[in-house]
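Peer 1: Here it is: the structure, laid out below.
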Amino acid sequence: MCIVTRVCFVCDVFYPSTESTSQLFTELFNRLAAGGLQIDVVTNRLPGCQNLLKAAAPLLAGISVRRVGLPLRGRGSVAVRALRYGAFFVSATARLAVANADRFWAGTNPPFSPVWMAFMALLRRKPFDIIVHDVYPDGLVAVGYLPPGALVVKLWTALNRWAYGRACKVVVLGRDMADLMRRQYGVRDDQLVMFPNWSPFDQETPATLAESSLTERLGLERAFVVQYSGNMGLWHDIDTFVRAAEILQSDGRIRFLMIGDGRRLEPARHLADQLGLRNITWLGFQDRDALPDSLACANVALISQREGLDGVAVPCKLYGILASGRAIVAAVPPHSEVARVVCEEQCGVVVPPSNAVAIADALREMANNEPETIAMGQRSFIAYRRTYSLDAAARRFWDTWMHRDDIA
């Protein structure tokens, strides 16, 4: 096996961004740099980067970050997003043309990254790997943004088949994603690497609801808290959680805490206002350092994935929830990776996506049987320590790309 000492990683978001992908890779890369790997990151310019850097813990010396493109806000706008990605593509291409690395890595954000990276690796005669977080255009088709027979879909799919076919490794986050990559893009088993995500923070024991400072700040000490924390984007159905809150509004024990941002946030808040709900508290994204405390402000954690999106993405919030030691209600497709983990680990309940009645029934039953809900949370934490910790992710990296004997 060829020893990898220096990699160039290309991704839309990275340190000190607060987005989940950034947090995950920042923690992992610090761990890998401590083991001797040199990592050059090419990422998009971040609005307000200098202020964020002042508050962020420094990266280790083995990691260099090149910020290129335009520091634009308003990623929800199609025009702004296109301009942002276009500027990133041009400037990052120039960086990759001279990058000194043994290997190229790329995520799937921006969505055209697999095809782009295949061309750059061919030009530079470098091996490359694709780390698949979201499968495009499949996800856009599944949520109705693109018709399945559109020319752009056919062309994009054909280019993806070429790009994935040239990759040395295609890293997938779940078994459902592996199935999709085989079926849709002809990815071979010898290319596929199952590399599930990990928690963005490590802890020896999970904090209780009473120990969370957020619980006291919000006055939720006596409540049964149901929390959604993370991105509220295209792949998620936040409206259905609001509908479940409507069903449960007469139950004074149960309070919903919705933390995060994204395209689905404002429509969901508008719906909650229309319904006159008073059992939901809305908060923005929490700082990375506050994440363990905010996730502890829950008895049950919610996960959403819309129907038809199994294999397209694996919600990374699952792993932070496992690390927080909380029971889960997963409104996800039944064959998705999240559903498999929840059932295998017996750490929660899986209900059909977009079924507010099923969500409400599951939450009511969990509130009525708190000992079993606590036991589910304990099983979550056991699964995290065994399989989904940062240490486990670092070990998977060394096992995949380097000899175990090379670890310092």
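Labels used: A, B, ... for chains in the order of the structure tokens, numbers from 1 for residues in each chain, and numbers from 1 for ligands as shown.
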Can you check which residues of region 233-313 of chain A DSSP gives as strand (DSSP E or B) on the backbone and send them as a PyMOL selection string?
Peer 2: chain A and resi 254-261+280-283+300-304+310+313
Peer 1: At most 12 Å is the cut-off: for each residue in region 65-125 of chain A with any atom that close to an atom of region 386-402 of chain A, write down the nearest atom pair and the distance in Å rounded to one decimal, counting only C-alpha atoms, chain first then increasing number, as a Markdown table.
Peer 2:
```
| residue | atom | partner | partner_atom | distance |
| --- | --- | --- | --- | --- |
| A:Asp102 | CA | A:Trp401 | CA | 11.5 |
| A:Arg103 | CA | A:Trp401 | CA | 10.4 |
| A:Trp105 | CA | A:Trp401 | CA | 11.8 |
```
Peer 1: Only N, CA and C atoms, please: the residues just picked out, written as an mmCIF file, in the first residue's frame.
Peer 2:
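The resulting out-v9.cif:
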```cif
data_model
loop_
_atom_site.group_PDB
_atom_site.id
_atom_site.type_symbol
_atom_site.label_atom_id
_atom_site.label_comp_id
_atom_site.auth_asym_id
_atom_site.auth_seq_id
_atom_site.Cartn_x
_atom_site.Cartn_y
_atom_site.Cartn_z
ATOM 1 N N ASP A 102 0.066 14.017 -2.267
ATOM 2 C CA ASP A 102 0.105 12.627 -2.732
ATOM 3 C C ASP A 102 -1.241 12.202 -3.284
ATOM 4 N N ARG A 103 -2.279 12.868 -2.815
ATOM 5 C CA ARG A 103 -3.629 12.403 -3.114
ATOM 6 C C ARG A 103 -4.605 13.563 -3.003
ATOM 7 N N TRP A 105 -8.566 14.683 -2.206
ATOM 8 C CA TRP A 105 -9.859 14.306 -1.633
ATOM 9 C C TRP A 105 -10.864 15.399 -1.985
#
```
Peer 1: Which neighbours of region 301-318 of chain A fall inside 6 Å, counting only C-alpha atoms, when residues of the same chain fewer than 3 positions from it are skipped, and could you give them as a list in words?
Peer 2: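 The residues that qualify are His133, Asp134, Val135, Gly139, Ala142, Asp176, Met177, Leu180, Val226, Gln227, Tyr228, Trp235, His236, Ile321, Ile328, Val329, Ala330, Ala331, Val332, Pro333, Ser336 and Pro353 of chain A.
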Peer 1: When DSSP is applied to the backbone of this structure, which of region 204-323 of chain A are assigned alpha helix (DSSP H)? Write them out as a PyMOL selection string.
Peer 2: chain A and resi 213-218+238-247+265-275+291-295+317-323
Peer 1: Let me make sure I understand: among A:Leu70, A:Leu173, A:Leu159, A:Cys8, which one has the smallest atom-to-atom distance to Asn100 (chain A) if we use only C-alpha atoms?
Peer 2: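 Of A:Leu70, A:Leu173, A:Leu159, A:Cys8, the one nearest Asn100 (chain A), counting only C-alpha atoms, is A:Cys8.
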Peer 1: Fewer than 5 positions away in the same chain doesn't count, so skip those; otherwise give me all residues within 9 Å of Ala323 (chain A), counting only C-alpha atoms, as a ChimeraX atom specification.
Peer 2: /A:198-203,205-206,292,318,380-385,388-389
Peer 1: Can you pull out the residues contacting region 286-290 of chain A? Cut-off 12 Å, using only C-alpha atoms, and skip same-chain residues under 6 positions away; I want them as a VMD selection string.
Peer 2: chain A and resid 15 to 20 22 to 24 26 to 27 52 55 to 57 199 to 202 212 to 214 229 to 231 258 to 261 296 to 297 320
Peer 1: For Gly69 (chain A), list every protein, DNA or RNA residue within 6 Å, evaluated using only C-alpha atoms, and leave out those in the same chain fewer than 6 positions away; present the list as a VMD selection string.
Peer 2: chain A and resid 44 to 45 87 to 88 91
